[in-house]
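Undergrad: Got a file for you: target-v9.csv, CSV, N, CA and C atoms.
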```
chain,number,residue,atom,x,y,z
A,562,MET,N,-4.2,5.7,-32.5
A,562,MET,CA,-4.9,4.9,-31.6
A,562,MET,C,-4.2,3.5,-31.6
A,563,LEU,N,-4.0,3.0,-30.4
A,563,LEU,CA,-3.3,1.7,-30.3
A,563,LEU,C,-4.1,0.6,-29.7
A,564,GLN,N,-4.0,-0.6,-30.3
A,564,GLN,CA,-4.7,-1.7,-29.7
A,564,GLN,C,-4.1,-2.0,-28.4
A,565,ILE,N,-4.9,-2.7,-27.5
A,565,ILE,CA,-4.5,-3.0,-26.2
A,565,ILE,C,-3.1,-3.7,-26.1
A,566,GLY,N,-2.9,-4.6,-27.0
A,566,GLY,CA,-1.6,-5.3,-27.0
A,566,GLY,C,-0.4,-4.4,-27.2
A,567,MET,N,-0.5,-3.5,-28.2
A,567,MET,CA,0.6,-2.6,-28.4
A,567,MET,C,0.8,-1.6,-27.3
A,568,PHE,N,-0.4,-1.1,-26.8
A,568,PHE,CA,-0.3,-0.2,-25.6
A,568,PHE,C,0.3,-0.9,-24.4
A,569,SER,N,0.0,-2.2,-24.2
A,569,SER,CA,0.5,-2.9,-23.0
A,569,SER,C,2.1,-3.0,-23.2
A,570,ARG,N,2.5,-3.3,-24.4
A,570,ARG,CA,4.0,-3.5,-24.6
A,570,ARG,C,4.7,-2.2,-24.4
A,571,ILE,N,4.1,-1.1,-24.9
A,571,ILE,CA,4.8,0.2,-24.7
A,571,ILE,C,4.8,0.6,-23.3
A,572,ALA,N,3.7,0.3,-22.6
A,572,ALA,CA,3.6,0.7,-21.2
A,572,ALA,C,4.3,-0.3,-20.2
A,573,GLN,N,4.6,-1.5,-20.8
A,573,GLN,CA,5.2,-2.6,-20.0
A,573,GLN,C,4.3,-3.0,-18.8
A,574,VAL,N,3.0,-3.2,-19.2
A,574,VAL,CA,2.1,-3.8,-18.2
A,574,VAL,C,1.3,-4.8,-19.0
A,575,SER,N,0.7,-5.8,-18.3
A,575,SER,CA,0.0,-6.9,-18.9
A,575,SER,C,-1.3,-6.4,-19.5
A,576,ILE,N,-1.8,-7.1,-20.5
A,576,ILE,CA,-3.1,-6.9,-21.0
A,576,ILE,C,-4.1,-7.1,-19.9
A,577,GLY,N,-3.9,-8.1,-19.1
A,577,GLY,CA,-4.9,-8.4,-18.0
A,577,GLY,C,-5.0,-7.2,-17.1
A,578,GLN,N,-3.8,-6.6,-16.8
A,578,GLN,CA,-3.9,-5.4,-15.9
A,578,GLN,C,-4.6,-4.3,-16.5
A,579,LEU,N,-4.5,-4.0,-17.8
A,579,LEU,CA,-5.2,-3.0,-18.5
A,579,LEU,C,-6.7,-3.3,-18.5
A,580,ARG,N,-7.0,-4.6,-18.7
A,580,ARG,CA,-8.5,-5.0,-18.7
A,580,ARG,C,-9.0,-4.7,-17.3
A,581,TYR,N,-8.3,-5.1,-16.3
A,581,TYR,CA,-8.7,-4.9,-14.9
A,581,TYR,C,-9.0,-3.4,-14.6
A,582,TYR,N,-8.0,-2.6,-15.0
A,582,TYR,CA,-8.2,-1.2,-14.8
A,582,TYR,C,-9.4,-0.6,-15.5
A,583,ASP,N,-9.7,-1.2,-16.7
A,583,ASP,CA,-10.9,-0.8,-17.4
A,583,ASP,C,-12.1,-1.2,-16.6
A,584,ASP,N,-12.1,-2.5,-16.2
A,584,ASP,CA,-13.3,-3.1,-15.5
A,584,ASP,C,-13.6,-2.3,-14.2
A,585,ILE,N,-12.6,-1.8,-13.5
A,585,ILE,CA,-12.9,-1.0,-12.3
A,585,ILE,C,-13.0,0.5,-12.5
A,586,GLY,N,-12.9,0.9,-13.8
A,586,GLY,CA,-13.1,2.3,-14.1
A,586,GLY,C,-11.9,3.1,-13.8
A,587,LEU,N,-10.7,2.5,-13.6
A,587,LEU,CA,-9.5,3.3,-13.3
A,587,LEU,C,-8.9,3.9,-14.6
A,588,LEU,N,-8.8,3.1,-15.6
A,588,LEU,CA,-8.3,3.6,-16.9
A,588,LEU,C,-9.1,3.0,-18.0
A,589,LYS,N,-10.0,3.8,-18.5
A,589,LYS,CA,-10.9,3.3,-19.6
A,589,LYS,C,-10.2,3.5,-20.9
A,590,PRO,N,-10.4,2.6,-21.8
A,590,PRO,CA,-9.8,2.8,-23.2
A,590,PRO,C,-10.4,4.1,-23.8
A,591,ALA,N,-9.7,4.7,-24.7
A,591,ALA,CA,-10.2,5.8,-25.4
A,591,ALA,C,-11.4,5.4,-26.3
A,592,ARG,N,-11.3,4.1,-26.8
A,592,ARG,CA,-12.4,3.6,-27.6
A,592,ARG,C,-12.5,2.1,-27.5
A,593,THR,N,-13.7,1.6,-27.5
A,593,THR,CA,-13.9,0.2,-27.5
A,593,THR,C,-14.8,-0.2,-28.7
A,594,ASN,N,-14.3,-1.1,-29.5
A,594,ASN,CA,-15.1,-1.5,-30.7
A,594,ASN,C,-16.3,-2.2,-30.2
A,595,PRO,N,-17.5,-1.7,-30.5
A,595,PRO,CA,-18.7,-2.3,-30.0
A,595,PRO,C,-19.0,-3.8,-30.6
A,596,THR,N,-18.4,-4.0,-31.7
A,596,THR,CA,-18.6,-5.4,-32.4
A,596,THR,C,-17.7,-6.4,-31.8
A,597,THR,N,-16.4,-6.0,-31.7
A,597,THR,CA,-15.4,-7.0,-31.3
A,597,THR,C,-15.0,-6.9,-29.8
A,598,GLY,N,-15.3,-5.7,-29.2
A,598,GLY,CA,-14.9,-5.5,-27.8
A,598,GLY,C,-13.5,-5.1,-27.7
A,599,TYR,N,-12.7,-5.0,-28.8
A,599,TYR,CA,-11.3,-4.6,-28.7
A,599,TYR,C,-11.2,-3.2,-28.1
A,600,ARG,N,-10.2,-3.1,-27.2
A,600,ARG,CA,-9.9,-1.9,-26.6
A,600,ARG,C,-8.8,-1.1,-27.3
A,601,TYR,N,-9.0,0.2,-27.4
A,601,TYR,CA,-8.0,1.0,-28.1
A,601,TYR,C,-7.6,2.2,-27.1
A,602,TYR,N,-6.3,2.5,-27.1
A,602,TYR,CA,-5.8,3.5,-26.2
A,602,TYR,C,-5.1,4.6,-27.0
A,603,GLU,N,-5.0,5.7,-26.5
A,603,GLU,CA,-4.2,6.8,-27.1
A,603,GLU,C,-2.9,6.9,-26.3
A,604,LEU,N,-1.9,7.4,-27.0
A,604,LEU,CA,-0.6,7.5,-26.4
A,604,LEU,C,-0.7,8.5,-25.2
A,605,SER,N,-1.5,9.5,-25.3
A,605,SER,CA,-1.7,10.4,-24.1
A,605,SER,C,-2.1,9.7,-22.9
A,606,GLN,N,-2.7,8.5,-23.0
A,606,GLN,CA,-3.1,7.8,-21.8
A,606,GLN,C,-2.0,7.2,-21.0
A,607,LEU,N,-0.8,7.2,-21.6
A,607,LEU,CA,0.4,6.6,-21.0
A,607,LEU,C,0.7,7.4,-19.7
A,608,GLN,N,0.5,8.7,-19.8
A,608,GLN,CA,0.8,9.6,-18.6
A,608,GLN,C,-0.1,9.2,-17.4
A,609,THR,N,-1.4,9.0,-17.7
A,609,THR,CA,-2.3,8.6,-16.6
A,609,THR,C,-1.9,7.2,-16.1
A,610,LEU,N,-1.5,6.3,-17.0
A,610,LEU,CA,-1.1,5.0,-16.5
A,610,LEU,C,0.2,5.0,-15.7
A,611,LYS,N,1.1,5.9,-16.1
A,611,LYS,CA,2.3,6.0,-15.3
A,611,LYS,C,2.0,6.6,-13.9
A,612,ARG,N,1.1,7.5,-13.8
A,612,ARG,CA,0.7,8.0,-12.5
A,612,ARG,C,0.0,6.9,-11.7
A,613,ILE,N,-0.8,6.1,-12.3
A,613,ILE,CA,-1.5,5.0,-11.6
A,613,ILE,C,-0.4,4.1,-11.0
A,614,LEU,N,0.5,3.7,-11.9
A,614,LEU,CA,1.6,2.7,-11.5
A,614,LEU,C,2.5,3.3,-10.4
A,615,ALA,N,2.8,4.6,-10.5
A,615,ALA,CA,3.6,5.2,-9.5
A,615,ALA,C,2.9,5.2,-8.1
A,616,LEU,N,1.6,5.6,-8.1
A,616,LEU,CA,0.9,5.6,-6.8
A,616,LEU,C,0.7,4.2,-6.3
A,617,LYS,N,0.5,3.3,-7.2
A,617,LYS,CA,0.3,1.9,-6.8
A,617,LYS,C,1.6,1.4,-6.2
A,618,ASP,N,2.7,1.8,-6.8
A,618,ASP,CA,4.1,1.4,-6.3
A,618,ASP,C,4.3,1.9,-4.9
A,619,LEU,N,3.7,3.0,-4.5
A,619,LEU,CA,3.8,3.6,-3.2
A,619,LEU,C,2.9,2.8,-2.2
A,620,GLY,N,2.2,1.8,-2.7
A,620,GLY,CA,1.3,1.1,-1.8
A,620,GLY,C,-0.1,1.6,-1.6
A,621,LEU,N,-0.4,2.6,-2.4
A,621,LEU,CA,-1.8,3.1,-2.2
A,621,LEU,C,-2.8,2.2,-2.8
A,622,PRO,N,-3.9,1.9,-2.1
A,622,PRO,CA,-5.0,1.1,-2.7
A,622,PRO,C,-5.5,1.7,-4.0
A,623,LEU,N,-5.9,0.9,-4.9
A,623,LEU,CA,-6.5,1.4,-6.2
A,623,LEU,C,-7.7,2.3,-6.0
A,624,ALA,N,-8.4,2.0,-5.0
A,624,ALA,CA,-9.6,2.9,-4.7
A,624,ALA,C,-9.1,4.3,-4.4
A,625,ASP,N,-8.0,4.5,-3.7
A,625,ASP,CA,-7.5,5.8,-3.4
A,625,ASP,C,-6.9,6.4,-4.7
A,626,VAL,N,-6.3,5.6,-5.5
A,626,VAL,CA,-5.7,6.1,-6.7
A,626,VAL,C,-6.8,6.6,-7.6
A,627,ALA,N,-7.9,5.9,-7.7
A,627,ALA,CA,-9.0,6.3,-8.5
A,627,ALA,C,-9.6,7.6,-8.0
A,628,ARG,N,-9.7,7.8,-6.7
A,628,ARG,CA,-10.2,9.0,-6.1
A,628,ARG,C,-9.3,10.2,-6.5
A,629,MET,N,-8.0,9.9,-6.4
A,629,MET,CA,-7.0,11.0,-6.7
A,629,MET,C,-7.1,11.4,-8.2
A,630,LEU,N,-7.3,10.4,-9.1
A,630,LEU,CA,-7.4,10.7,-10.5
A,630,LEU,C,-8.7,11.4,-10.8
A,631,GLU,N,-9.8,11.0,-10.2
A,631,GLU,CA,-11.1,11.6,-10.5
A,631,GLU,C,-11.2,13.1,-10.0
A,632,SER,N,-10.7,13.3,-8.8
A,632,SER,CA,-10.8,14.6,-8.2
A,632,SER,C,-9.7,15.6,-8.6
A,633,GLY,N,-8.7,15.0,-9.2
A,633,GLY,CA,-7.5,15.9,-9.5
A,633,GLY,C,-7.0,16.5,-8.3
A,634,THR,N,-6.4,15.7,-7.4
A,634,THR,CA,-6.0,16.2,-6.1
A,634,THR,C,-4.9,17.3,-6.3
A,635,THR,N,-4.9,18.2,-5.3
A,635,THR,CA,-3.9,19.2,-5.2
A,635,THR,C,-2.6,18.6,-4.6
A,636,SER,N,-1.6,19.4,-4.7
A,636,SER,CA,-0.3,19.0,-4.1
A,636,SER,C,-0.5,18.7,-2.6
A,637,ALA,N,-1.2,19.6,-1.9
A,637,ALA,CA,-1.4,19.5,-0.5
A,637,ALA,C,-2.2,18.2,-0.2
A,638,GLU,N,-3.2,17.9,-1.0
A,638,GLU,CA,-4.0,16.7,-0.8
A,638,GLU,C,-3.2,15.4,-1.0
A,639,THR,N,-2.4,15.5,-2.1
A,639,THR,CA,-1.5,14.3,-2.4
A,639,THR,C,-0.5,14.1,-1.3
A,640,LYS,N,0.0,15.2,-0.8
A,640,LYS,CA,1.0,15.1,0.3
A,640,LYS,C,0.3,14.5,1.6
A,641,ALA,N,-0.9,14.9,1.9
A,641,ALA,CA,-1.6,14.3,3.0
A,641,ALA,C,-1.9,12.8,2.8
A,642,ILE,N,-2.2,12.5,1.6
A,642,ILE,CA,-2.5,11.0,1.4
A,642,ILE,C,-1.2,10.2,1.5
A,643,LEU,N,-0.1,10.8,1.0
A,643,LEU,CA,1.2,10.1,1.1
A,643,LEU,C,1.7,10.0,2.6
A,644,GLN,N,1.4,11.1,3.3
A,644,GLN,CA,1.8,11.1,4.7
A,644,GLN,C,1.0,10.0,5.5
A,645,LYS,N,-0.2,9.9,5.2
A,645,LYS,CA,-1.1,8.8,5.8
A,645,LYS,C,-0.5,7.5,5.4
A,646,GLN,N,-0.2,7.3,4.2
A,646,GLN,CA,0.4,6.0,3.7
A,646,GLN,C,1.7,5.7,4.4
A,647,LYS,N,2.5,6.7,4.6
A,647,LYS,CA,3.8,6.6,5.3
A,647,LYS,C,3.6,6.1,6.7
A,648,ALA,N,2.6,6.8,7.4
A,648,ALA,CA,2.3,6.4,8.8
A,648,ALA,C,1.9,5.0,8.9
A,649,GLN,N,1.0,4.5,7.9
A,649,GLN,CA,0.6,3.2,7.9
A,649,GLN,C,1.7,2.2,7.8
A,650,ILE,N,2.6,2.5,6.8
A,650,ILE,CA,3.8,1.6,6.6
A,650,ILE,C,4.7,1.6,7.8
A,651,GLU,N,4.9,2.7,8.5
A,651,GLU,CA,5.7,2.8,9.7
A,651,GLU,C,5.1,1.9,10.8
A,652,HIS,N,3.8,2.0,10.9
A,652,HIS,CA,3.1,1.2,11.9
A,652,HIS,C,3.2,-0.3,11.6
A,653,THR,N,3.1,-0.7,10.3
A,653,THR,CA,3.2,-2.1,10.0
A,653,THR,C,4.7,-2.5,10.2
A,654,LEU,N,5.6,-1.7,9.9
A,654,LEU,CA,7.0,-2.0,10.2
A,654,LEU,C,7.3,-2.3,11.7
A,655,ARG,N,6.7,-1.4,12.5
A,655,ARG,CA,6.9,-1.6,14.0
A,655,ARG,C,6.3,-3.0,14.4
A,656,GLU,N,5.1,-3.2,13.9
A,656,GLU,CA,4.4,-4.5,14.2
A,656,GLU,C,5.3,-5.7,13.8
A,657,GLU,N,5.8,-5.6,12.6
A,657,GLU,CA,6.6,-6.7,12.0
A,657,GLU,C,7.9,-6.9,12.8
A,658,ARG,N,8.5,-5.8,13.2
A,658,ARG,CA,9.7,-5.9,14.0
A,658,ARG,C,9.5,-6.6,15.4
A,659,GLU,N,8.3,-6.3,16.0
A,659,GLU,CA,7.9,-6.9,17.2
A,659,GLU,C,7.7,-8.4,17.0
A,660,ARG,N,7.0,-8.8,15.9
A,660,ARG,CA,6.8,-10.2,15.5
A,660,ARG,C,8.1,-10.9,15.3
A,661,LEU,N,9.1,-10.2,14.7
A,661,LEU,CA,10.4,-10.8,14.4
A,661,LEU,C,11.1,-11.0,15.8
A,662,LYS,N,11.0,-10.1,16.7
A,662,LYS,CA,11.6,-10.3,18.0
A,662,LYS,C,11.0,-11.5,18.7
A,663,ARG,N,9.6,-11.7,18.6
A,663,ARG,CA,9.0,-12.8,19.2
A,663,ARG,C,9.5,-14.1,18.6
A,664,ILE,N,9.7,-14.1,17.3
A,664,ILE,CA,10.2,-15.3,16.6
A,664,ILE,C,11.6,-15.6,17.1
A,665,GLU,N,12.4,-14.6,17.2
A,665,GLU,CA,13.8,-14.8,17.6
A,665,GLU,C,13.8,-15.4,19.0
A,666,ARG,N,13.0,-14.9,19.9
A,666,ARG,CA,12.9,-15.4,21.3
A,666,ARG,C,12.5,-16.8,21.3
A,667,ARG,N,11.5,-17.2,20.5
A,667,ARG,CA,11.0,-18.5,20.4
A,667,ARG,C,12.1,-19.5,19.9
A,668,ILE,N,12.9,-19.0,18.9
A,668,ILE,CA,14.0,-19.8,18.4
A,668,ILE,C,15.0,-20.0,19.5
A,669,GLU,N,15.3,-19.0,20.2
A,669,GLU,CA,16.3,-19.0,21.3
A,669,GLU,C,15.9,-20.1,22.3
A,670,ARG,N,14.6,-20.0,22.7
A,670,ARG,CA,14.1,-21.0,23.7
A,670,ARG,C,14.2,-22.4,23.2
A,671,LEU,N,13.8,-22.6,21.9
A,671,LEU,CA,13.9,-23.9,21.3
A,671,LEU,C,15.3,-24.4,21.3
A,672,SER,N,16.3,-23.5,21.0
A,672,SER,CA,17.7,-23.9,21.0
A,672,SER,C,18.2,-24.3,22.4
A,673,GLU,N,17.7,-23.5,23.4
A,673,GLU,CA,18.1,-23.8,24.8
A,673,GLU,C,17.5,-25.2,25.2
A,674,ASN,N,16.3,-25.4,24.8
A,674,ASN,CA,15.6,-26.7,25.1
A,674,ASN,C,16.4,-27.9,24.5
A,675,GLU,N,16.8,-27.7,23.2
A,675,GLU,CA,17.6,-28.7,22.5
A,675,GLU,C,18.9,-29.0,23.2
A,676,ALA,N,19.5,-27.9,23.7
A,676,ALA,CA,20.8,-28.1,24.4
A,676,ALA,C,20.6,-28.8,25.7
A,677,ALA,N,19.5,-28.5,26.4
A,677,ALA,CA,19.2,-29.2,27.7
A,677,ALA,C,18.9,-30.7,27.4
A,678,VAL,N,18.1,-31.0,26.4
A,678,VAL,CA,17.8,-32.4,26.1
A,678,VAL,C,19.1,-33.1,25.7
A,679,SER,N,19.9,-32.5,25.0
A,679,SER,CA,21.2,-33.1,24.5
A,679,SER,C,22.1,-33.4,25.8
A,680,VAL,N,22.1,-32.5,26.7
A,680,VAL,CA,22.9,-32.8,28.0
A,680,VAL,C,22.3,-33.9,28.7
A,681,ASP,N,21.0,-34.0,28.8
A,681,ASP,CA,20.3,-35.1,29.5
A,681,ASP,C,20.6,-36.4,28.9
A,682,LEU,N,20.8,-36.5,27.6
A,682,LEU,CA,20.9,-37.8,26.9
A,682,LEU,C,22.4,-38.3,27.1
A,683,GLN,N,23.3,-37.5,27.5
A,683,GLN,CA,24.7,-37.9,27.6
A,683,GLN,C,25.0,-38.6,28.9
```
Output the file's structure in the form of structure tokens.
TA:
Amino acid sequence: MLQIGMFSRIAQVSIGQLRYYDDIGLLKPARTNPTTGYRYYELSQLQTLKRILALKDLGLPLADVARMLESGTTSAETKAILQKQKAQIEHTLREERERLKRIERRIERLSENEAAVSVDLQ
């Protein structure tokens, strides 16, 4: 059994992150000392934490990660969730590309106006 500090070092995550995951029920410690409140984790919980971090890295909300862990999703369900996430990211990218184009057009217009003002002043 490892204290939270040692577990966080091994897992390379902050103690605060582990506490947060405990608070939201995502990764409960194997044991909590009722007197001190110290949290203790088992090495076997590293696998669960790695899965949480991997899914979080893919941009999945922690609520979805929690549902996936609780229900023990099948490969097909995981694939569907990831395809949905992919579609959302692609949509966001399209929107951001459009926003970038609008910014570029605005910069262009401002540059044209500066050139016109510069010519007027000469």
Undergrad: To one decimal place, how far is CA of Ile571 (chain A) from CA of Leu607 (chain A) in Å?
TA: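 Straight-line distance from CA of Ile571 (chain A) to CA of Leu607 (chain A) works out to 8.6 Å.
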Undergrad: For a quick check of understanding, using all atoms listed in the file, which of A:Ile565, A:Leu587, A:Leu619, A:Met629 has the smallest distance to Lys647 (chain A)?
TA: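 The answer is A:Leu619, which sits nearest to Lys647 (chain A).
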Undergrad: If we count only C-alpha atoms, what is near region 589-599 of chain A at a cut-off of 10 Å, once residues fewer than 5 positions away on the same chain are taken out, given as an MDAnalysis selection string?
TA: chainID A and resid 562:566 579:584 604:606
Undergrad: Could you list, as a ChimeraX atom specification, every residue within 10 Å of Gln608 (chain A), counting only C-alpha atoms and ignoring same-chain residues fewer than 5 positions away?
TA: /A:572,613-614
Undergrad: Can you measure atom C of Glu673 (chain A) to CA of Arg658 (chain A) for me? One decimal in Å is fine.
TA: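 Going from atom C of Glu673 (chain A) over to CA of Arg658 (chain A) covers 23.6 Å.
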Undergrad: Rounded to one decimal in Å, what is the spacing between CA of Arg660 (chain A) and atom N of Asn674 (chain A)?
TA: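 Between CA of Arg660 (chain A) and atom N of Asn674 (chain A) the gap is 20.2 Å.
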Undergrad: Could you pull out all residues of chain A with a DSSP call of strand (DSSP E or B) and give them as a list in words?
TA: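 In chain A, DSSP puts these residues in strand (DSSP E or B): Leu563, Gln564, Arg592, Thr593, Arg600, Tyr601 and Tyr602 of chain A.
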Undergrad: Counting only C-alpha atoms, figure out which residue out of A:Leu671, A:Lys640, A:Gln646, A:Ala624 gets nearest to Ile585 (chain A).
TA: A:Ala624
Undergrad: Using DSSP secondary structure from the backbone, list all helix (DSSP H, G or I) positions within region 569-638 of chain A, as JSON, numbers by chain.
TA: {"A": [569, 570, 571, 572, 576, 577, 578, 579, 580, 581, 582, 583, 584, 606, 607, 608, 609, 610, 611, 612, 613, 614, 615, 616, 617, 618, 623, 624, 625, 626, 627, 628, 629, 630, 631, 632, 636, 637, 638]}
Undergrad: Can you list, as a ChimeraX atom specification, every protein, DNA or RNA residue that comes within 7 Å of Ala627 (chain A) when you count all atoms listed in the file, leaving out same-chain residues fewer than 4 positions away?
TA: /A:586-587,622-623,631-632
Undergrad: Save N, CA, C and O atoms of region 620-634 of chain A from the block above as a tab-separated table (two decimals), in the first residue's frame.
TA:
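The result, written out as result.tsv:
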```
chain	number	residue	atom	x	y	z
A	620	GLY	N	-9.07	14.06	-24.85
A	620	GLY	CA	-10.05	15.14	-24.77
A	620	GLY	C	-11.40	14.74	-24.23
A	620	GLY	O	-12.34	15.54	-24.27
A	621	LEU	N	-11.52	13.53	-23.74
A	621	LEU	CA	-12.81	13.09	-23.21
A	621	LEU	C	-13.08	13.77	-21.87
A	621	LEU	O	-12.19	13.85	-21.02
A	622	PRO	N	-14.29	14.26	-21.67
A	622	PRO	CA	-14.64	14.82	-20.37
A	622	PRO	C	-14.55	13.76	-19.28
A	622	PRO	O	-14.82	12.58	-19.52
A	623	LEU	N	-14.19	14.18	-18.07
A	623	LEU	CA	-14.04	13.22	-16.98
A	623	LEU	C	-15.34	12.49	-16.67
A	623	LEU	O	-15.31	11.33	-16.24
A	624	ALA	N	-16.47	13.12	-16.92
A	624	ALA	CA	-17.75	12.43	-16.71
A	624	ALA	C	-17.87	11.23	-17.64
A	624	ALA	O	-18.34	10.16	-17.23
A	625	ASP	N	-17.43	11.39	-18.89
A	625	ASP	CA	-17.45	10.26	-19.83
A	625	ASP	C	-16.45	9.19	-19.41
A	625	ASP	O	-16.73	7.99	-19.51
A	626	VAL	N	-15.29	9.62	-18.95
A	626	VAL	CA	-14.28	8.67	-18.49
A	626	VAL	C	-14.84	7.86	-17.33
A	626	VAL	O	-14.70	6.63	-17.29
A	627	ALA	N	-15.50	8.53	-16.41
A	627	ALA	CA	-16.09	7.84	-15.25
A	627	ALA	C	-17.11	6.81	-15.71
A	627	ALA	O	-17.13	5.67	-15.22
A	628	ARG	N	-17.97	7.19	-16.65
A	628	ARG	CA	-18.97	6.24	-17.15
A	628	ARG	C	-18.31	5.04	-17.81
A	628	ARG	O	-18.75	3.90	-17.65
A	629	MET	N	-17.23	5.29	-18.55
A	629	MET	CA	-16.54	4.19	-19.22
A	629	MET	C	-15.92	3.24	-18.20
A	629	MET	O	-15.96	2.02	-18.38
A	630	LEU	N	-15.37	3.79	-17.13
A	630	LEU	CA	-14.76	2.94	-16.11
A	630	LEU	C	-15.81	2.17	-15.33
A	630	LEU	O	-15.61	0.99	-15.01
A	631	GLU	N	-16.92	2.82	-15.02
A	631	GLU	CA	-17.97	2.18	-14.24
A	631	GLU	C	-18.63	1.05	-15.00
A	631	GLU	O	-18.89	-0.01	-14.46
A	632	SER	N	-18.93	1.31	-16.25
A	632	SER	CA	-19.69	0.33	-17.01
A	632	SER	C	-18.82	-0.72	-17.68
A	632	SER	O	-19.32	-1.71	-18.20
A	633	GLY	N	-17.49	-0.49	-17.67
A	633	GLY	CA	-16.62	-1.45	-18.34
A	633	GLY	C	-16.98	-1.55	-19.81
A	633	GLY	O	-17.41	-2.60	-20.28
A	634	THR	N	-16.84	-0.48	-20.54
A	634	THR	CA	-17.27	-0.41	-21.93
A	634	THR	C	-16.58	-1.47	-22.80
A	634	THR	O	-15.42	-1.81	-22.58
```
